[in-house]
file upload-v4.cif (mmCIF, C-alpha atoms and all ligand atoms)
data_protein
#
loop_
_atom_site.label_atom_id
_atom_site.label_comp_id
_atom_site.auth_asym_id
_atom_site.auth_seq_id
_atom_site.Cartn_x
_atom_site.Cartn_y
_atom_site.Cartn_z
CA MET A 1 -77.72 54.31 -114.98
CA SER A 2 -80.24 57.10 -115.54
CA VAL A 3 -83.82 56.52 -114.45
CA LYS A 4 -86.82 58.78 -114.88
CA THR A 5 -88.77 59.27 -111.66
CA LEU A 6 -92.23 60.64 -110.93
CA VAL A 7 -92.62 62.25 -107.51
CA TYR A 8 -95.64 63.31 -105.49
CA SER A 9 -96.27 64.57 -101.98
CA ASP A 10 -99.06 66.67 -100.56
CA ASN A 11 -96.36 68.38 -98.45
CA THR A 12 -94.10 70.69 -100.50
CA GLU A 13 -91.05 70.26 -98.25
CA VAL A 14 -91.28 66.46 -98.52
CA ALA A 15 -91.94 66.67 -102.27
CA LEU A 16 -88.68 68.63 -102.61
CA GLN A 17 -86.85 65.95 -100.59
CA LEU A 18 -88.15 63.25 -102.98
CA LEU A 19 -87.18 65.46 -105.89
CA GLY A 20 -83.65 65.74 -104.45
CA ARG A 21 -83.22 61.97 -104.72
CA ALA A 22 -85.04 61.75 -108.09
CA LEU A 23 -82.62 64.25 -109.68
CA GLU A 24 -79.67 62.17 -108.48
CA LEU A 25 -81.15 59.24 -110.43
CA GLY A 26 -82.02 61.10 -113.65
CA PRO A 27 -84.81 63.32 -115.03
CA ALA A 28 -87.75 64.02 -112.75
CA VAL A 29 -91.42 64.70 -113.33
CA ALA A 30 -93.85 65.74 -110.62
CA VAL A 31 -97.57 65.97 -110.01
CA ALA A 32 -98.50 68.95 -107.86
CA ALA A 33 -101.65 70.74 -106.83
CA GLY A 34 -102.03 74.51 -107.00
CA ASP A 35 -99.12 76.70 -105.79
CA GLN A 36 -96.90 73.71 -105.02
CA ALA A 37 -96.27 73.29 -108.75
CA GLY A 38 -94.10 76.43 -108.90
CA ALA A 39 -91.74 75.20 -106.17
CA LEU A 40 -91.29 71.80 -107.82
CA ALA A 41 -90.71 73.26 -111.29
CA GLU A 42 -88.20 75.70 -109.75
CA GLY A 43 -86.55 72.70 -108.09
CA GLY A 44 -85.98 71.02 -111.45
CA ALA A 45 -89.04 68.84 -112.15
CA LYS A 46 -91.21 68.89 -115.24
CA THR A 47 -94.36 69.54 -113.25
CA PHE A 48 -97.96 68.63 -114.05
CA ARG A 49 -100.29 70.94 -112.16
CA ILE A 50 -103.74 69.77 -111.15
CA GLY A 51 -106.54 71.86 -109.75
CA GLU A 52 -108.04 69.43 -107.28
CA ALA A 53 -106.15 67.12 -104.93
CA SER A 54 -108.81 64.58 -103.96
CA ILE A 55 -107.54 61.02 -103.84
CA GLU A 56 -109.40 60.16 -107.05
CA HIS A 57 -107.99 63.17 -108.93
CA LEU A 58 -104.47 62.43 -107.72
CA ARG A 59 -104.73 58.82 -108.74
CA ALA A 60 -106.02 59.79 -112.20
CA ALA A 61 -103.30 62.44 -112.56
CA ILE A 62 -100.44 60.13 -111.61
CA LEU A 63 -101.75 57.43 -113.96
CA GLU A 64 -102.01 59.96 -116.79
CA VAL A 65 -98.49 61.31 -116.20
CA ALA A 66 -97.15 57.74 -115.94
CA ARG A 67 -98.79 57.00 -119.32
CA ARG A 68 -97.28 60.10 -120.95
CA GLU A 69 -93.82 60.02 -119.35
CA SER A 70 -93.18 56.30 -118.69
CA PRO A 71 -91.20 56.78 -115.44
CA ALA A 72 -89.30 53.71 -114.21
CA LEU A 73 -89.91 54.74 -110.60
CA ILE A 74 -92.85 56.44 -108.87
CA MET A 75 -91.95 57.89 -105.45
CA ILE A 76 -94.81 59.04 -103.25
CA ALA A 77 -94.31 60.40 -99.72
CA SER A 78 -95.42 58.20 -96.81
CA THR A 79 -97.83 60.81 -95.55
CA ARG A 80 -101.34 59.69 -94.71
CA ARG A 81 -102.48 60.78 -98.16
CA GLY A 82 -99.48 59.14 -99.86
CA ARG A 83 -100.05 55.81 -98.17
CA GLU A 84 -103.62 55.82 -99.44
CA LEU A 85 -102.59 56.82 -102.92
CA ALA A 86 -99.56 54.68 -103.77
CA PRO A 87 -101.16 51.20 -103.59
CA ARG A 88 -104.09 52.46 -105.68
CA VAL A 89 -101.71 53.66 -108.38
CA ALA A 90 -99.67 50.44 -108.23
CA SER A 91 -102.72 48.22 -108.49
CA VAL A 92 -104.01 49.96 -111.66
CA LEU A 93 -100.53 49.85 -113.23
CA GLY A 94 -100.03 46.22 -112.17
CA ALA A 95 -96.75 47.45 -110.69
CA GLY A 96 -94.68 46.23 -107.75
CA TYR A 97 -95.12 48.28 -104.57
CA CYS A 98 -93.13 48.72 -101.36
CA GLY A 99 -94.07 51.06 -98.52
CA ASP A 100 -91.91 53.19 -96.18
CA CYS A 101 -88.60 52.78 -98.01
CA PHE A 102 -85.76 54.98 -96.79
CA GLU A 103 -83.35 53.94 -99.55
CA VAL A 104 -84.10 53.46 -103.24
CA GLU A 105 -81.53 52.21 -105.73
CA PRO A 106 -82.62 51.39 -109.28
CA SER A 107 -80.67 48.81 -111.27
CA GLU A 108 -81.30 47.00 -114.57
CA GLY A 109 -84.95 45.76 -114.51
CA SER A 110 -85.51 46.23 -110.78
CA VAL A 111 -85.41 48.71 -107.94
CA ARG A 112 -83.69 47.76 -104.69
CA VAL A 113 -85.20 49.31 -101.57
CA LYS A 114 -84.47 49.31 -97.85
CA ARG A 115 -87.03 49.62 -95.10
CA LEU A 116 -87.45 48.77 -91.44
CA ALA A 117 -88.87 45.36 -90.57
CA TYR A 118 -89.93 43.54 -87.39
CA GLY A 119 -91.00 46.69 -85.61
CA GLY A 120 -87.89 48.62 -86.55
CA SER A 121 -85.46 46.10 -85.05
CA THR A 122 -83.97 45.18 -88.43
CA ILE A 123 -83.53 46.53 -91.96
CA ALA A 124 -84.94 44.56 -94.90
CA THR A 125 -83.46 44.89 -98.39
CA GLU A 126 -86.00 44.04 -101.09
CA ALA A 127 -86.12 44.22 -104.88
CA ILE A 128 -89.14 45.33 -106.89
CA LYS A 129 -89.08 43.72 -110.31
CA GLY A 130 -90.60 45.24 -113.43
CA THR A 131 -91.35 48.80 -114.47
CA PRO A 132 -92.53 51.07 -113.06
CA ALA A 133 -91.85 50.40 -109.39
CA VAL A 134 -94.04 52.27 -106.91
CA VAL A 135 -92.65 53.17 -103.47
CA THR A 136 -93.59 55.37 -100.55
CA ILE A 137 -90.86 57.29 -98.75
CA PRO A 138 -91.01 58.58 -95.16
CA PRO A 139 -90.36 62.32 -94.67
CA ARG A 140 -86.69 63.25 -94.10
CA SER A 141 -85.35 60.09 -95.82
CA PHE A 142 -83.70 62.27 -98.47
CA LYS A 143 -82.34 65.81 -98.57
CA LYS A 144 -83.68 68.41 -100.92
CA ARG A 145 -81.20 69.57 -103.51
CA GLU A 146 -79.10 72.50 -102.35
CA GLU A 147 -77.66 73.58 -105.73
CA ARG A 148 -79.93 75.33 -108.18
CA ALA A 149 -81.41 73.00 -110.79
CA THR A 150 -82.44 73.89 -114.31
CA PRO A 151 -86.11 74.82 -113.77
CA GLY A 152 -88.70 72.49 -115.29
CA GLU A 153 -91.82 73.60 -117.14
CA VAL A 154 -95.29 73.65 -115.57
CA ILE A 155 -97.94 71.85 -117.60
CA GLU A 156 -101.62 72.20 -116.75
CA LEU A 157 -103.23 68.78 -116.44
CA ASN A 158 -106.98 68.34 -116.57
CA VAL A 159 -108.11 65.02 -115.24
CA THR A 160 -111.46 63.89 -113.99
CA GLY A 161 -111.38 61.51 -111.07
CA ALA A 162 -113.93 58.75 -110.72
CA ALA A 163 -116.78 59.61 -108.36
CA SER A 164 -115.59 59.15 -104.79
CA ALA A 165 -116.72 56.09 -102.89
CA VAL A 166 -115.98 58.02 -99.67
CA ARG A 167 -118.58 60.23 -98.03
CA VAL A 168 -117.35 62.78 -95.45
CA LEU A 169 -119.79 62.65 -92.55
CA GLU A 170 -118.14 65.10 -90.18
CA ARG A 171 -114.95 67.17 -89.80
CA ARG A 172 -113.42 67.65 -86.36
CA PRO A 173 -110.48 69.90 -85.52
CA LYS A 174 -107.49 68.13 -83.97
CA ARG A 175 -106.76 68.75 -80.31
CA THR A 176 -103.87 71.16 -80.26
CA GLY A 177 -102.01 69.60 -77.31
CA ASP A 178 -100.60 66.67 -79.25
CA ALA A 179 -100.56 68.03 -82.80
CA GLY A 180 -97.34 68.64 -84.71
CA LEU A 181 -95.30 65.94 -83.00
CA GLU A 182 -93.33 65.09 -86.14
CA ASN A 183 -91.77 68.55 -86.32
CA ALA A 184 -91.40 69.17 -82.57
CA LYS A 185 -87.93 70.02 -81.27
CA VAL A 186 -88.68 68.80 -77.77
CA ILE A 187 -91.21 66.11 -76.78
CA VAL A 188 -92.17 64.85 -73.34
CA SER A 189 -94.08 61.60 -73.54
CA ALA A 190 -96.33 59.68 -71.15
CA GLY A 191 -96.62 55.93 -70.74
CA ARG A 192 -98.65 53.60 -68.61
CA GLY A 193 -96.59 54.66 -65.62
CA PHE A 194 -99.21 57.44 -65.27
CA LYS A 195 -102.01 56.13 -63.07
CA LYS A 196 -104.73 58.68 -63.82
CA ARG A 197 -105.49 61.11 -66.61
CA GLU A 198 -105.29 64.07 -64.20
CA ASP A 199 -101.68 63.13 -63.47
CA LEU A 200 -100.77 64.29 -66.98
CA ALA A 201 -100.82 67.78 -65.44
CA MET A 202 -97.31 66.94 -64.14
CA LEU A 203 -96.17 66.38 -67.70
CA GLU A 204 -97.87 69.53 -68.94
CA GLU A 205 -95.93 71.52 -66.33
CA LEU A 206 -92.65 70.01 -67.51
CA ALA A 207 -93.63 70.62 -71.14
CA GLY A 208 -94.36 74.25 -70.31
CA VAL A 209 -90.86 74.81 -68.94
CA LEU A 210 -89.16 72.99 -71.82
CA GLY A 211 -91.38 74.44 -74.55
CA ALA A 212 -92.21 70.83 -75.47
CA LYS A 213 -95.04 69.06 -77.26
CA ILE A 214 -96.71 66.20 -75.42
CA GLY A 215 -96.69 62.66 -76.79
CA CYS A 216 -97.51 59.25 -75.37
CA SER A 217 -97.21 55.51 -75.86
CA ARG A 218 -99.94 53.68 -77.71
CA PRO A 219 -101.88 52.31 -74.71
CA VAL A 220 -102.22 55.84 -73.28
CA SER A 221 -103.92 56.90 -76.50
CA ALA A 222 -105.53 53.83 -78.05
CA ASP A 223 -106.58 52.02 -74.83
CA LEU A 224 -107.06 54.82 -72.30
CA GLY A 225 -108.10 57.52 -74.79
CA TRP A 226 -106.16 60.28 -72.98
CA MET A 227 -104.61 61.68 -76.18
CA ASP A 228 -105.32 61.52 -79.91
CA GLN A 229 -101.94 60.49 -81.23
CA TRP A 230 -99.18 58.23 -80.00
CA VAL A 231 -95.52 57.81 -80.82
CA GLY A 232 -94.21 54.62 -82.39
CA ILE A 233 -94.29 52.33 -85.35
CA SER A 234 -98.07 52.46 -85.70
CA GLY A 235 -98.24 56.11 -84.62
CA LYS A 236 -96.06 59.17 -85.15
CA ARG A 237 -92.36 58.80 -85.94
CA VAL A 238 -90.59 61.68 -84.33
CA ALA A 239 -87.12 63.22 -84.57
CA PRO A 240 -86.81 65.85 -81.83
CA ARG A 241 -83.59 67.19 -80.35
CA LEU A 242 -84.84 65.97 -76.97
CA TYR A 243 -87.30 63.15 -76.20
CA VAL A 244 -88.22 62.58 -72.56
CA ALA A 245 -89.95 59.21 -72.03
CA CYS A 246 -91.82 59.13 -68.73
CA GLY A 247 -93.21 55.84 -67.42
CA ILE A 248 -92.67 54.18 -70.80
CA SER A 249 -91.17 50.68 -70.92
CA GLY A 250 -89.48 51.03 -74.33
CA THR A 251 -90.88 48.17 -76.42
CA ILE A 252 -89.62 47.84 -80.01
CA GLN A 253 -92.87 49.32 -81.31
CA HIS A 254 -92.27 52.50 -79.31
CA ALA A 255 -88.53 52.52 -79.97
CA ALA A 256 -89.10 52.45 -83.74
CA GLY A 257 -90.83 55.81 -83.49
CA ILE A 258 -88.11 57.59 -81.50
CA ARG A 259 -84.92 56.22 -83.04
CA ASP A 260 -84.22 59.49 -84.89
CA SER A 261 -84.30 61.56 -81.67
CA GLN A 262 -80.98 63.27 -80.94
CA THR A 263 -81.09 62.82 -77.16
CA ILE A 264 -83.39 60.48 -75.26
CA VAL A 265 -84.01 60.82 -71.53
CA ALA A 266 -85.91 58.10 -69.66
CA VAL A 267 -87.67 58.30 -66.33
CA ASN A 268 -88.73 54.83 -65.23
CA SER A 269 -88.81 53.20 -61.79
CA ASP A 270 -87.84 49.79 -63.15
CA GLU A 271 -84.10 49.56 -63.53
CA ALA A 272 -84.51 46.68 -66.02
CA ALA A 273 -86.93 48.56 -68.34
CA GLY A 274 -85.74 48.48 -71.97
CA ILE A 275 -86.10 52.25 -72.33
CA HIS A 276 -82.97 52.73 -70.22
CA GLU A 277 -80.93 50.89 -72.86
CA LEU A 278 -82.25 53.21 -75.57
CA SER A 279 -81.57 56.35 -73.58
CA ASP A 280 -78.69 58.75 -73.44
CA TYR A 281 -79.66 59.72 -69.87
CA SER A 282 -81.62 57.46 -67.51
CA ILE A 283 -83.34 58.36 -64.31
CA VAL A 284 -84.36 55.27 -62.34
CA GLY A 285 -87.12 56.69 -60.22
CA ASP A 286 -90.81 57.33 -59.67
CA ILE A 287 -92.27 59.82 -62.16
CA TYR A 288 -94.48 61.17 -59.37
CA ALA A 289 -91.34 62.33 -57.53
CA VAL A 290 -88.95 62.94 -60.44
CA LEU A 291 -91.14 65.02 -62.77
CA PRO A 292 -92.15 67.71 -60.25
CA ALA A 293 -88.53 67.92 -59.04
CA LEU A 294 -87.25 68.19 -62.61
CA THR A 295 -89.78 70.91 -63.42
CA ARG A 296 -88.83 72.85 -60.28
CA ALA A 297 -85.11 72.56 -61.03
CA LEU A 298 -85.54 73.68 -64.64
CA ARG A 299 -87.72 76.61 -63.56
CA GLU A 300 -84.97 77.71 -61.20
CA ARG A 301 -82.43 77.60 -64.02
CA VAL A 302 -84.47 79.70 -66.44
CA LYS A 303 -85.26 82.36 -63.82
C1 LIG B 1 -98.94 45.86 -83.92
C2 LIG B 1 -98.57 46.68 -82.72
C3 LIG B 1 -98.21 48.00 -82.90
C4 LIG B 1 -97.86 48.78 -81.80
N1 LIG B 1 -97.50 50.07 -82.01
C5 LIG B 1 -97.10 50.82 -80.96
C6 LIG B 1 -96.67 52.16 -81.14
O1 LIG B 1 -96.63 52.68 -82.27
N2 LIG B 1 -96.31 52.87 -80.06
C7 LIG B 1 -96.31 52.34 -78.79
O2 LIG B 1 -95.96 53.06 -77.84
N3 LIG B 1 -96.73 51.08 -78.59
C8 LIG B 1 -97.13 50.31 -79.64
N4 LIG B 1 -97.57 49.05 -79.41
C9 LIG B 1 -97.74 48.60 -78.02
C10 LIG B 1 -96.43 48.13 -77.41
O3 LIG B 1 -96.21 46.77 -77.69
C11 LIG B 1 -96.47 48.30 -75.88
O4 LIG B 1 -97.59 47.64 -75.36
C12 LIG B 1 -96.51 49.77 -75.44
O5 LIG B 1 -95.51 50.51 -76.10
C13 LIG B 1 -96.29 49.85 -73.94
O6 LIG B 1 -96.62 51.12 -73.51
P1 LIG B 1 -96.03 51.69 -72.14
O7 LIG B 1 -94.55 51.66 -72.22
O8 LIG B 1 -96.70 52.99 -71.88
O9 LIG B 1 -96.60 50.68 -71.08
P2 LIG B 1 -95.88 49.49 -70.24
O10 LIG B 1 -95.17 48.56 -71.16
O11 LIG B 1 -96.95 48.96 -69.38
O12 LIG B 1 -94.79 50.26 -69.40
C14 LIG B 1 -95.07 51.14 -68.36
C15 LIG B 1 -93.72 51.48 -67.74
O13 LIG B 1 -93.93 52.45 -66.73
C16 LIG B 1 -93.07 52.15 -65.66
N5 LIG B 1 -93.66 52.73 -64.48
C17 LIG B 1 -94.79 52.33 -63.83
N6 LIG B 1 -95.05 53.16 -62.80
C18 LIG B 1 -94.05 54.08 -62.79
C19 LIG B 1 -93.78 55.20 -61.97
N7 LIG B 1 -94.59 55.57 -60.96
N8 LIG B 1 -92.66 55.93 -62.22
C20 LIG B 1 -91.82 55.60 -63.23
N9 LIG B 1 -92.04 54.56 -64.05
C21 LIG B 1 -93.18 53.81 -63.84
C22 LIG B 1 -92.95 50.65 -65.61
O14 LIG B 1 -91.72 50.27 -65.02
C23 LIG B 1 -93.01 50.29 -67.10
O15 LIG B 1 -91.71 50.15 -67.64
C24 LIG B 1 -97.90 48.24 -80.49
C25 LIG B 1 -98.29 46.91 -80.32
C26 LIG B 1 -98.60 46.14 -81.42
C27 LIG B 1 -99.00 44.71 -81.20
#
call {"tool": "encode", "arguments": {"input": "upload-v4.cif", "output": "structure tokens", "more": "lines below"}}
Ligand SMILES: Cc1cc2nc3c(=O)[nH]c(=O)nc-3n(C[C@H](O)[C@H](O)[C@H](O)COP(=O)(O)OP(=O)(O)OC[C@H]3O[C@@H](n4cnc5c(N)ncnc54)[C@H](O)[C@@H]3O)c2cc1C
result
Amino acid sequence: MSVKTLVYSDNTEVALQLLGRALELGPAVAVAAGDQAGALAEGGAKTFRIGEASIEHLRAAILEVARRESPALIMIASTRRGRELAPRVASVLGAGYCGDCFEVEPSEGSVRVKRLAYGGSTIATEAIKGTPAVVTIPPRSFKKREERATPGEVIELNVTGAASAVRVLERRPKRTGDAGLENAKVIVSAGRGFKKREDLAMLEELAGVLGAKIGCSRPVSADLGWMDQWVGISGKRVAPRLYVACGISGTIQHAAGIRDSQTIVAVNSDEAAGIHELSDYSIVGDIYAVLPALTRALRERVK
């Protein structure tokens, strides 16, 4: 069964991943801002280029392309922008919507999707009835197409978004220490096992030796305010080659964010802590003794 799909992501790499799946299902159209349009057209999508990528312009553009092209499926990436956008599009179209789907399978009159439920402990299979279906897709759910596709055309699209109801009061740069967690190859992460903010220096030392980014559990960020971003179901979902969880108990909300890590190492003094079950390597011990020793040992090895 061939299904026409409309794809959008503010991130070109993720847009190409969505396009990879769309082309498996049938013809693909894309909405893209600026330079991104070239990459998507090259990748095989009939691409509608817009000048401005505010949420209102994107919503108007996707609605206009949906009107012209009648896609059966609208796939938008589960980036922060995509999660804002998709429900707005679905509500205007009166369409069914499902968020964070990692599998999408259209069939006659409906689209079957899979996504994590109950904090990542189970997978739910759901069906969206009616056309079009609107879904958001987490990054890395699909692979971009390796073979060359027949390039699509680029069509300039002029849309005027409604006046924004959002007023930007201030812009602040992100702290660099905990930025870029999603793409990090190595992450060392702090939990409530750390007694004081200054103790994070131990983790920074270890991160320095491993060339790692620093993450944390939600309480360390949301309750204690020691870092901007946390790892887990309500925070960043990460997929490093190595994830070192230090003083983290390993609740399902945290586990859901690290399940794509290749190797997980846990340092926790409680032998019964759930994180040990999730880990490939467990150290049952006090972070205040283990982390400095680990840092010293690794330094010796790289000398
Ligand atoms: C809707 C919702 C969403 C949530 N989303 C997230 C999320 O995205 N990410 C997330 O992380 N949490 C999330 N949580 C919170 C989650 O339920 C847990 O409360 C949190 O993950 C626990 O953080 P922790 O492991 O740092 O702390 P704790 O559970 O308090 O664990 C601390 C651990 O440190 C160990 N420890 C203590 N001292 C030492 C020491 N000296 N040496 C070694 N080990 C030591 C203890 O044995 C313990 O296992 C969410 C909760 C809700 C309700």
call {"tool": "closest_residue", "arguments": {"input": "upload-v4.cif", "among": "A:Thr295, A:Ser221, A:Ser91, A:Ser141", "to": "ligand LIG 1 (chain B)", "atoms": "only C-alpha atoms and all ligand atoms"}}
result
A:Ser221
call {"tool": "residues_near_ligand", "arguments": {"input": "upload-v4.cif", "ligand": "ligand LIG 1 (chain B)", "cutoff": "6 Å", "atoms": "only C-alpha atoms and all ligand atoms", "output": "PDB file with C-alpha atoms, in the coordinates of the input"}}
result
ATOM      1  CA  GLY A 191     -96.620  55.930 -70.740  1.00  0.00           C
ATOM      2  CA  ARG A 192     -98.650  53.600 -68.610  1.00  0.00           C
ATOM      3  CA  GLY A 193     -96.590  54.660 -65.620  1.00  0.00           C
ATOM      4  CA  SER A 217     -97.210  55.510 -75.860  1.00  0.00           C
ATOM      5  CA  ARG A 218     -99.940  53.680 -77.710  1.00  0.00           C
ATOM      6  CA  PRO A 219    -101.880  52.310 -74.710  1.00  0.00           C
ATOM      7  CA  VAL A 231     -95.520  57.810 -80.820  1.00  0.00           C
ATOM      8  CA  GLY A 232     -94.210  54.620 -82.390  1.00  0.00           C
ATOM      9  CA  ILE A 233     -94.290  52.330 -85.350  1.00  0.00           C
ATOM     10  CA  SER A 234     -98.070  52.460 -85.700  1.00  0.00           C
ATOM     11  CA  GLY A 235     -98.240  56.110 -84.620  1.00  0.00           C
ATOM     12  CA  GLY A 247     -93.210  55.840 -67.420  1.00  0.00           C
ATOM     13  CA  ILE A 248     -92.670  54.180 -70.800  1.00  0.00           C
ATOM     14  CA  SER A 249     -91.170  50.680 -70.920  1.00  0.00           C
ATOM     15  CA  GLY A 250     -89.480  51.030 -74.330  1.00  0.00           C
ATOM     16  CA  THR A 251     -90.880  48.170 -76.420  1.00  0.00           C
ATOM     17  CA  GLN A 253     -92.870  49.320 -81.310  1.00  0.00           C
ATOM     18  CA  HIS A 254     -92.270  52.500 -79.310  1.00  0.00           C
ATOM     19  CA  VAL A 267     -87.670  58.300 -66.330  1.00  0.00           C
ATOM     20  CA  ASN A 268     -88.730  54.830 -65.230  1.00  0.00           C
ATOM     21  CA  SER A 269     -88.810  53.200 -61.790  1.00  0.00           C
ATOM     22  CA  ASP A 270     -87.840  49.790 -63.150  1.00  0.00           C
ATOM     23  CA  ALA A 273     -86.930  48.560 -68.340  1.00  0.00           C
ATOM     24  CA  GLY A 285     -87.120  56.690 -60.220  1.00  0.00           C
ATOM     25  CA  ASP A 286     -90.810  57.330 -59.670  1.00  0.00           C
ATOM     26  CA  ILE A 287     -92.270  59.820 -62.160  1.00  0.00           C
ATOM     27  CA  TYR A 288     -94.480  61.170 -59.370  1.00  0.00           C
TER      28      TYR A 288
END
call {"tool": "closest_residue", "arguments": {"input": "upload-v4.cif", "among": "A:Val14, A:Ala90, A:Val3, A:Ile187", "to": "A:Pro106", "atoms": "all atoms listed in the file"}}
result
A:Val3
call {"tool": "closest_atom_pairs", "arguments": {"input": "upload-v4.cif", "of": "stretch 163-244 of chain A", "to": "stretch 134-138 of chain A", "cutoff": "12 Å", "atoms": "only C-alpha atoms", "output": "JSON lines"}}
result
{"residue": "A:Glu182", "atom": "CA", "partner": "A:Pro138", "partner_atom": "CA", "distance": 11.4}
{"residue": "A:Lys236", "atom": "CA", "partner": "A:Pro138", "partner_atom": "CA", "distance": 11.2}
{"residue": "A:Arg237", "atom": "CA", "partner": "A:Pro138", "partner_atom": "CA", "distance": 9.3}
{"residue": "A:Val238", "atom": "CA", "partner": "A:Pro138", "partner_atom": "CA", "distance": 11.3}
call {"tool": "residues_around", "arguments": {"input": "upload-v4.cif", "residues": "A:Val65", "least_positions_apart": "5", "cutoff": "9 Å", "atoms": "all atoms listed in the file", "output": "VMD selection string"}}
result
chain A and resid 6 29 to 31 48 60 70 to 71 157
call {"tool": "residues_near_point", "arguments": {"input": "upload-v4.cif", "point": "(-85.1, 55.1, -102.3)", "cutoff": "10 Å", "atoms": "only C-alpha atoms", "output": "number ranges by chain"}}
result
A: 18, 21-22, 25, 73, 75, 100-106, 111-115, 135-138, 141-142
call {"tool": "residues_around", "arguments": {"input": "upload-v4.cif", "residues": "A:Glu24", "least_positions_apart": "5", "cutoff": "10 Å", "atoms": "only C-alpha atoms", "output": "ChimeraX atom specification"}}
result
/A:2-3,19,145
call {"tool": "atom_distance", "arguments": {"input": "upload-v4.cif", "atom1": "atom CA of A:Pro139", "atom2": "atom CA of A:Ala239"}}
result
10.6 Å
call {"tool": "atom_distance", "arguments": {"input": "upload-v4.cif", "atom1": "atom CA of A:Lys185", "atom2": "atom CA of A:Ile76"}}
result
25.5 Å
call {"tool": "decode", "arguments": {"input": "upload-v4.cif", "residues": "stretch 147-165 of chain A", "atoms": "N, CA and C atoms", "output": "short mmCIF file (atom, residue, chain, number, x, y, z; two decimals), in the first residue's frame"}}
result
data_model
loop_
_atom_site.label_atom_id
_atom_site.label_comp_id
_atom_site.auth_asym_id
_atom_site.auth_seq_id
_atom_site.Cartn_x
_atom_site.Cartn_y
_atom_site.Cartn_z
N GLU A 147 20.64 4.84 -0.47
CA GLU A 147 20.72 4.91 -1.94
C GLU A 147 20.24 6.28 -2.41
N ARG A 148 20.75 6.68 -3.54
CA ARG A 148 20.32 7.96 -4.11
C ARG A 148 18.85 7.86 -4.52
N ALA A 149 18.10 8.93 -4.23
CA ALA A 149 16.69 8.96 -4.65
C ALA A 149 16.57 9.89 -5.85
N THR A 150 15.49 9.77 -6.58
CA THR A 150 15.24 10.74 -7.65
C THR A 150 14.96 12.09 -6.98
N PRO A 151 15.77 13.11 -7.28
CA PRO A 151 15.57 14.38 -6.56
C PRO A 151 14.18 14.97 -6.79
N GLY A 152 13.64 15.59 -5.75
CA GLY A 152 12.34 16.26 -5.87
C GLY A 152 12.54 17.71 -6.24
N GLU A 153 11.47 18.38 -6.64
CA GLU A 153 11.59 19.81 -6.98
C GLU A 153 11.47 20.65 -5.70
N VAL A 154 11.99 21.88 -5.78
CA VAL A 154 11.83 22.83 -4.67
C VAL A 154 10.82 23.88 -5.10
N ILE A 155 9.79 24.04 -4.32
CA ILE A 155 8.73 25.01 -4.64
C ILE A 155 8.71 26.08 -3.56
N GLU A 156 8.79 27.34 -4.00
CA GLU A 156 8.76 28.43 -3.01
C GLU A 156 7.33 28.58 -2.48
N LEU A 157 7.20 28.66 -1.18
CA LEU A 157 5.86 28.77 -0.59
C LEU A 157 5.79 30.05 0.24
N ASN A 158 4.87 30.91 -0.13
CA ASN A 158 4.70 32.14 0.66
C ASN A 158 3.47 32.02 1.53
N VAL A 159 3.70 31.96 2.81
CA VAL A 159 2.54 31.91 3.72
C VAL A 159 2.70 33.02 4.74
N THR A 160 1.60 33.48 5.23
CA THR A 160 1.68 34.47 6.30
C THR A 160 1.08 33.84 7.54
N GLY A 161 1.89 33.76 8.59
CA GLY A 161 1.40 33.18 9.84
C GLY A 161 0.54 34.21 10.56
N ALA A 162 -0.34 33.70 11.41
CA ALA A 162 -1.13 34.60 12.25
C ALA A 162 -0.16 35.31 13.20
N ALA A 163 -0.55 36.48 13.69
CA ALA A 163 0.32 37.20 14.62
C ALA A 163 0.58 36.31 15.84
N SER A 164 1.82 36.29 16.29
CA SER A 164 2.17 35.40 17.40
C SER A 164 1.55 35.86 18.71
N ALA A 165 1.08 34.87 19.46
CA ALA A 165 0.55 35.18 20.80
C ALA A 165 1.69 35.11 21.83
#
